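So this one's work_16.csv, CSV, C-alpha atoms:
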chain,number,residue,atom,x,y,z
L,1,MET,CA,85.0,1.2,37.7
L,2,LYS,CA,83.7,-0.7,40.7
L,3,SER,CA,84.3,-4.4,41.2
L,4,GLY,CA,81.4,-6.8,42.0
L,5,LEU,CA,82.7,-7.2,45.5
L,6,GLN,CA,82.8,-3.5,46.2
L,7,LYS,CA,79.2,-3.2,44.8
L,8,GLU,CA,78.2,-5.9,47.3
L,9,VAL,CA,79.7,-4.1,50.2
L,10,LEU,CA,78.1,-0.8,49.2
L,11,ALA,CA,74.7,-2.5,48.7
L,12,LEU,CA,75.0,-4.0,52.2
L,13,TYR,CA,75.9,-0.6,53.6
L,14,ARG,CA,72.8,0.9,51.9
L,15,ARG,CA,70.7,-1.9,53.4
L,16,ALA,CA,72.2,-1.2,56.8
L,17,LEU,CA,71.4,2.5,56.5
L,18,ARG,CA,67.8,1.8,55.3
L,19,MET,CA,67.4,-0.5,58.4
L,20,VAL,CA,68.5,2.5,60.6
L,21,ARG,CA,65.6,4.5,59.2
L,22,THR,CA,63.1,1.9,60.5
L,23,LYS,CA,64.3,2.2,64.1
L,24,PRO,CA,62.7,4.5,66.7
L,25,GLU,CA,63.8,8.1,66.4
L,26,SER,CA,65.5,8.2,69.8
L,27,ALA,CA,67.9,5.2,69.0
L,28,ARG,CA,68.5,6.1,65.3
L,29,SER,CA,71.8,8.0,65.9
L,30,ARG,CA,73.2,5.0,67.9
L,31,PHE,CA,72.3,2.6,65.1
L,32,ARG,CA,73.8,4.9,62.5
L,33,LEU,CA,77.0,5.4,64.4
L,34,TYR,CA,77.4,1.6,65.0
L,35,MET,CA,77.0,1.0,61.2
L,36,GLN,CA,79.2,3.9,60.1
L,37,TYR,CA,81.9,2.8,62.5
L,38,THR,CA,81.8,-0.9,61.6
L,39,PHE,CA,81.9,-0.3,57.9
L,40,HIS,CA,84.5,2.5,57.9
L,41,ASN,CA,86.7,0.7,60.4
L,42,ASN,CA,86.7,-2.6,58.5
L,43,ALA,CA,87.3,-0.8,55.2
L,44,LYS,CA,90.3,0.9,56.7
L,45,SER,CA,91.9,-2.2,58.3
L,46,ILE,CA,91.5,-4.7,55.5
L,47,SER,CA,93.3,-4.5,52.2
L,48,PRO,CA,91.1,-4.4,49.1
L,49,ARG,CA,93.0,-7.3,47.8
L,50,ASN,CA,92.2,-9.6,50.7
L,51,VAL,CA,89.1,-11.0,49.0
L,52,SER,CA,88.5,-13.9,51.3
L,53,ALA,CA,88.5,-11.6,54.4
L,54,ILE,CA,86.0,-9.2,52.7
L,55,GLU,CA,83.8,-12.1,51.7
L,56,HIS,CA,83.8,-13.4,55.2
L,57,LEU,CA,82.9,-10.0,56.6
L,58,LEU,CA,80.1,-9.7,54.0
L,59,ARG,CA,78.6,-13.0,55.1
L,60,LYS,CA,78.9,-12.0,58.7
L,61,GLY,CA,77.5,-8.6,58.1
L,62,LYS,CA,74.5,-9.9,56.1
L,63,ARG,CA,73.6,-12.2,59.0
L,64,GLN,CA,74.0,-9.4,61.5
L,65,ILE,CA,71.9,-6.9,59.6
L,66,GLU,CA,69.2,-9.6,59.1
L,67,MET,CA,69.1,-9.8,62.9
L,68,TYR,CA,69.0,-6.0,63.3
L,69,GLU,CA,66.2,-5.7,60.8
L,70,ASP,CA,63.9,-7.5,63.3
L,71,PRO,CA,61.5,-4.8,64.6
L,72,ALA,CA,62.0,-6.2,68.1
L,73,VAL,CA,65.5,-4.8,68.1
L,74,THR,CA,65.1,-1.2,69.3
L,75,GLN,CA,68.4,-0.4,71.0
L,76,CYS,CA,72.0,-0.6,69.9
L,77,PHE,CA,75.2,-0.7,71.9
L,78,VAL,CA,77.7,2.1,71.2
L,79,SER,CA,81.2,1.7,72.6
L,80,GLN,CA,83.6,4.5,73.7
L,81,ALA,CA,85.8,3.7,70.7
L,82,MET,CA,82.9,4.5,68.4
L,83,ARG,CA,82.3,7.8,70.1
L,84,ASP,CA,86.0,8.7,69.8
L,85,TRP,CA,86.0,7.8,66.1
L,86,GLN,CA,82.9,9.9,65.5
L,87,ALA,CA,84.6,12.9,67.2
L,88,THR,CA,87.7,12.6,65.1
L,89,ASN,CA,85.9,12.0,61.8
L,90,ARG,CA,83.8,15.1,61.9
L,91,VAL,CA,84.5,18.5,60.5
L,92,PRO,CA,84.3,20.8,63.6
L,93,PRO,CA,81.4,23.2,63.4
L,94,PRO,CA,82.5,26.8,62.6
B,1,MET,CA,11.5,-9.9,42.5
B,2,SER,CA,14.4,-10.8,40.4
B,3,LEU,CA,17.7,-9.0,40.9
B,4,PHE,CA,17.7,-7.6,37.4
B,5,ARG,CA,14.3,-6.0,37.7
B,6,PHE,CA,15.3,-4.5,41.0
B,7,ALA,CA,18.5,-3.1,39.4
B,8,ALA,CA,16.5,-1.6,36.5
B,9,ARG,CA,14.1,0.0,39.0
B,10,THR,CA,16.8,1.6,41.1
B,11,SER,CA,18.5,3.0,38.1
B,12,ALA,CA,15.3,4.5,36.8
B,13,LEU,CA,14.8,6.2,40.2
B,14,SER,CA,18.2,7.8,40.2
B,15,ARG,CA,18.1,9.1,36.7
B,16,ALA,CA,17.4,12.6,38.0
B,17,ALA,CA,20.6,12.4,40.0
B,18,TRP,CA,22.6,11.3,36.9
B,19,SER,CA,21.5,14.3,34.9
B,20,VAL,CA,22.8,16.6,37.6
B,21,ARG,CA,26.1,14.8,37.6
B,22,SER,CA,26.6,15.2,33.8
B,23,VAL,CA,26.6,19.0,33.8
B,24,PRO,CA,29.9,19.9,32.1
B,25,ARG,CA,32.3,21.4,34.6
B,26,ALA,CA,35.0,24.0,33.9
B,27,PHE,CA,38.5,22.4,33.5
B,28,VAL,CA,40.3,22.7,36.7
B,29,PRO,CA,44.0,23.0,36.2
B,30,ARG,CA,46.0,20.7,38.5
B,31,ALA,CA,49.5,19.5,38.9
B,32,GLY,CA,51.0,18.3,35.7
B,33,TYR,CA,51.7,14.7,36.6
B,34,ALA,CA,53.0,13.9,33.2
B,35,SER,CA,55.9,16.5,33.4
B,36,SER,CA,59.2,15.2,34.6
B,37,SER,CA,58.8,16.8,38.1
B,38,GLY,CA,57.7,20.1,39.5
B,39,LEU,CA,61.3,20.9,40.6
B,40,SER,CA,63.5,23.3,38.7
B,41,LYS,CA,67.2,22.3,38.4
B,42,ASP,CA,68.2,25.3,40.4
B,43,SER,CA,66.1,24.4,43.4
B,44,ILE,CA,67.3,20.8,43.2
B,45,GLN,CA,70.9,22.0,43.2
B,46,THR,CA,70.4,24.3,46.2
B,47,ARG,CA,68.7,21.5,48.1
B,48,ILE,CA,71.5,19.1,47.3
B,49,PHE,CA,74.1,21.7,48.4
B,50,ASP,CA,72.3,22.0,51.7
B,51,VAL,CA,72.3,18.3,52.1
B,52,LEU,CA,76.1,18.2,51.5
B,53,LYS,CA,76.7,21.1,53.9
B,54,GLY,CA,74.8,19.2,56.5
B,55,TYR,CA,77.0,16.1,56.1
B,56,GLU,CA,79.4,15.8,58.9
B,57,LYS,CA,82.5,15.1,56.8
B,58,ILE,CA,82.2,18.1,54.5
B,59,ASP,CA,83.3,21.5,55.7
B,60,PRO,CA,80.2,23.7,55.6
B,61,THR,CA,82.2,26.8,54.7
B,62,LYS,CA,83.7,25.1,51.6
B,63,VAL,CA,82.5,26.5,48.3
B,64,LEU,CA,80.6,23.9,46.4
B,65,THR,CA,80.5,23.8,42.6
B,66,PRO,CA,77.7,22.3,40.5
B,67,THR,CA,80.1,19.7,39.0
B,68,ALA,CA,82.0,18.8,42.2
B,69,SER,CA,82.8,15.1,42.3
B,70,PHE,CA,82.2,13.4,45.7
B,71,ALA,CA,85.6,11.6,45.6
B,72,LYS,CA,87.9,14.1,43.9
B,73,ASP,CA,86.6,17.5,45.0
B,74,LEU,CA,84.9,16.7,48.3
B,75,GLY,CA,87.4,14.0,49.5
B,76,LEU,CA,84.7,11.4,50.3
B,77,ASP,CA,85.4,7.6,50.0
B,78,SER,CA,82.8,5.2,48.4
B,79,LEU,CA,81.1,4.6,51.8
B,80,ASP,CA,80.7,8.3,52.4
B,81,ALA,CA,79.3,8.6,48.9
B,82,VAL,CA,76.6,6.0,49.8
B,83,GLU,CA,75.7,8.1,52.9
B,84,VAL,CA,75.4,11.3,50.8
B,85,VAL,CA,73.2,9.6,48.2
B,86,MET,CA,71.0,8.2,51.0
B,87,ALA,CA,70.7,11.7,52.5
B,88,VAL,CA,69.7,13.0,49.1
B,89,GLU,CA,67.1,10.2,48.9
B,90,GLU,CA,65.7,11.3,52.2
B,91,GLU,CA,65.6,15.0,51.2
B,92,PHE,CA,63.5,14.2,48.1
B,93,SER,CA,61.6,11.3,49.7
B,94,ILE,CA,62.5,8.8,47.0
B,95,GLU,CA,64.4,5.5,47.0
B,96,ILE,CA,67.1,5.1,44.4
B,97,PRO,CA,67.8,1.5,43.3
B,98,ASP,CA,71.4,0.2,43.9
B,99,ALA,CA,72.5,0.3,40.3
B,100,GLU,CA,71.6,4.0,39.8
B,101,ALA,CA,72.8,4.9,43.2
B,102,ASP,CA,76.3,3.4,42.5
B,103,ALA,CA,76.4,5.6,39.3
B,104,ILE,CA,75.9,8.9,41.2
B,105,GLN,CA,79.4,10.2,41.8
B,106,SER,CA,79.0,13.9,41.6
B,107,VAL,CA,76.7,16.8,42.3
B,108,ASP,CA,75.5,17.2,38.7
B,109,GLN,CA,74.8,13.5,38.4
B,110,ALA,CA,72.6,13.7,41.5
B,111,VAL,CA,70.8,16.8,40.1
B,112,ASP,CA,70.2,15.0,36.8
B,113,TYR,CA,68.8,11.9,38.5
B,114,ILE,CA,66.4,13.9,40.7
B,115,ALA,CA,65.3,16.0,37.7
B,116,LYS,CA,64.3,12.9,35.7
B,117,THR,CA,62.6,11.2,38.7
B,118,PRO,CA,58.9,12.2,38.8
B,119,GLU,CA,58.4,11.0,42.3
B,120,ALA,CA,60.9,13.4,43.8
B,121,HIS,CA,59.5,16.3,45.7
Rewrite the structure from the file as structure tokens, please.
Amino acid sequence: MKSGLQKEVLALYRRALRMVRTKPESARSRFRLYMQYTFHNNAKSISPRNVSAIEHLLRKGKRQIEMYEDPAVTQCFVSQAMRDWQATNRVPPP
Amino acid sequence: MSLFRFAARTSALSRAAWSVRSVPRAFVPRAGYASSSGLSKDSIQTRIFDVLKGYEKIDPTKVLTPTASFAKDLGLDSLDAVEVVMAVEEEFSIEIPDAEADAIQSVDQAVDYIAKTPEAH
């Protein structure tokens, strides 16, 4: 069974991925990678029992996604760390 | 001339046109919008399998079963499951509300949800 906090995180992730779909086709993969990296990395580095840290990140993430939802935002920064993470987290094509 | 008189006159003029319109037409069979959806369970399942094979964290050579659970059989965490359900949404061009999307944890649950969603296509 899922806790209320986990549901909130998943809802925020869903909202983030819906935001990615509204972005121009050419920048979508960058937005997607940014969101995937941020959520997965935070999920890995913070204990599920550390409720106050998760709540803090939820509030921070909500504000950040509100900003990204602005149609004026059309580009997204992707760091080398994100690219490396993407390369290691993918099943290599056969 | 009052508006009502004018209206009566125009309708009298167009009576000929009405009679043409009322000719009974043969029933034209169209898509049955009242049925659950035009998709068979098999085609839904194949399309969901294709979505899963296209997902970067699932080995495309892996044999998928109709009852495979995202977490136990495919080794996905809850965030990955959200991504998979979003990819399924995109495939069938629907939007699944949060509460229902949280409940989808396996391939057969996804198939059932699509089968009972009339907007899916």
Practice task
For chain B, work out the contacting residues on chain L at 12 Å, counting all atoms listed in the file, and write them as an MDAnalysis selection string.
Solution key: chainID L and resid 1:4 6:21 32:33 35:44 86:94
Quick one: write out the picked residues with C-alpha atoms as a PDB file, in the frame of the given file?
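Final file, result32.pdb:
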ATOM      1  CA  MET L   1      85.000   1.200  37.700  1.00  0.00           C
ATOM      2  CA  LYS L   2      83.700  -0.700  40.700  1.00  0.00           C
ATOM      3  CA  SER L   3      84.300  -4.400  41.200  1.00  0.00           C
ATOM      4  CA  GLY L   4      81.400  -6.800  42.000  1.00  0.00           C
ATOM      5  CA  GLN L   6      82.800  -3.500  46.200  1.00  0.00           C
ATOM      6  CA  LYS L   7      79.200  -3.200  44.800  1.00  0.00           C
ATOM      7  CA  GLU L   8      78.200  -5.900  47.300  1.00  0.00           C
ATOM      8  CA  VAL L   9      79.700  -4.100  50.200  1.00  0.00           C
ATOM      9  CA  LEU L  10      78.100  -0.800  49.200  1.00  0.00           C
ATOM     10  CA  ALA L  11      74.700  -2.500  48.700  1.00  0.00           C
ATOM     11  CA  LEU L  12      75.000  -4.000  52.200  1.00  0.00           C
ATOM     12  CA  TYR L  13      75.900  -0.600  53.600  1.00  0.00           C
ATOM     13  CA  ARG L  14      72.800   0.900  51.900  1.00  0.00           C
ATOM     14  CA  ARG L  15      70.700  -1.900  53.400  1.00  0.00           C
ATOM     15  CA  ALA L  16      72.200  -1.200  56.800  1.00  0.00           C
ATOM     16  CA  LEU L  17      71.400   2.500  56.500  1.00  0.00           C
ATOM     17  CA  ARG L  18      67.800   1.800  55.300  1.00  0.00           C
ATOM     18  CA  MET L  19      67.400  -0.500  58.400  1.00  0.00           C
ATOM     19  CA  VAL L  20      68.500   2.500  60.600  1.00  0.00           C
ATOM     20  CA  ARG L  21      65.600   4.500  59.200  1.00  0.00           C
ATOM     21  CA  ARG L  32      73.800   4.900  62.500  1.00  0.00           C
ATOM     22  CA  LEU L  33      77.000   5.400  64.400  1.00  0.00           C
ATOM     23  CA  MET L  35      77.000   1.000  61.200  1.00  0.00           C
ATOM     24  CA  GLN L  36      79.200   3.900  60.100  1.00  0.00           C
ATOM     25  CA  TYR L  37      81.900   2.800  62.500  1.00  0.00           C
ATOM     26  CA  THR L  38      81.800  -0.900  61.600  1.00  0.00           C
ATOM     27  CA  PHE L  39      81.900  -0.300  57.900  1.00  0.00           C
ATOM     28  CA  HIS L  40      84.500   2.500  57.900  1.00  0.00           C
ATOM     29  CA  ASN L  41      86.700   0.700  60.400  1.00  0.00           C
ATOM     30  CA  ASN L  42      86.700  -2.600  58.500  1.00  0.00           C
ATOM     31  CA  ALA L  43      87.300  -0.800  55.200  1.00  0.00           C
ATOM     32  CA  LYS L  44      90.300   0.900  56.700  1.00  0.00           C
ATOM     33  CA  GLN L  86      82.900   9.900  65.500  1.00  0.00           C
ATOM     34  CA  ALA L  87      84.600  12.900  67.200  1.00  0.00           C
ATOM     35  CA  THR L  88      87.700  12.600  65.100  1.00  0.00           C
ATOM     36  CA  ASN L  89      85.900  12.000  61.800  1.00  0.00           C
ATOM     37  CA  ARG L  90      83.800  15.100  61.900  1.00  0.00           C
ATOM     38  CA  VAL L  91      84.500  18.500  60.500  1.00  0.00           C
ATOM     39  CA  PRO L  92      84.300  20.800  63.600  1.00  0.00           C
ATOM     40  CA  PRO L  93      81.400  23.200  63.400  1.00  0.00           C
ATOM     41  CA  PRO L  94      82.500  26.800  62.600  1.00  0.00           C
TER      42      PRO L  94
END
Practice task
Could you please determine the separation between CA of Ala71 (chain B) and CA of Asp112 (chain B) in Å, to one decimal place?
Solution key: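 For CA of Ala71 (chain B) relative to CA of Asp112 (chain B), the distance reads 18.1 Å.
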Exercise for the section: Using only C-alpha atoms, collect all residues at a distance of at most 10 Å from (59.1, 3.0, 68.7) as written in the file, then present them as a list in words. Expected result: Thr22, Lys23, Pro24, Glu25, Ser26, Ala27, Pro71, Ala72 and Thr74 of chain L
Practice task
Could you tell me how far CA of Thr65 (chain B) lies from CA of Leu39 (chain B), in Å and to one decimal?
Solution key: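 Atom-to-atom, CA of Thr65 (chain B) to CA of Leu39 (chain B), that is 19.5 Å.
From CA of Ser79 (chain L) back to CA of Arg30 (chain L), the distance works out to 9.8 Å.
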Problem - For Tyr34 (chain L), the nearest of the candidates L:Ile46, L:Leu5, L:Val51, L:Met82, counting all atoms listed in the file - result: L:Met82
Problem - Spatial neighbours of Ile94 (chain B), max dist 12 Å, only C-alpha atoms, sep filter under 2 positions, as a list in words - result: Val85, Met86, Ala87, Val88, Glu89, Glu90, Glu91, Phe92, Ile96, Pro97, Ala101, Tyr113, Ile114, Thr117, Pro118, Glu119, Ala120 and His121 of chain B
Problem - Test item: residues at most 7 Å from region 105-107 of chain B, all atoms listed in the file, excluding those fewer than 3 positions along its chain, as number ranges by chain - result: B: 66-70, 110-111
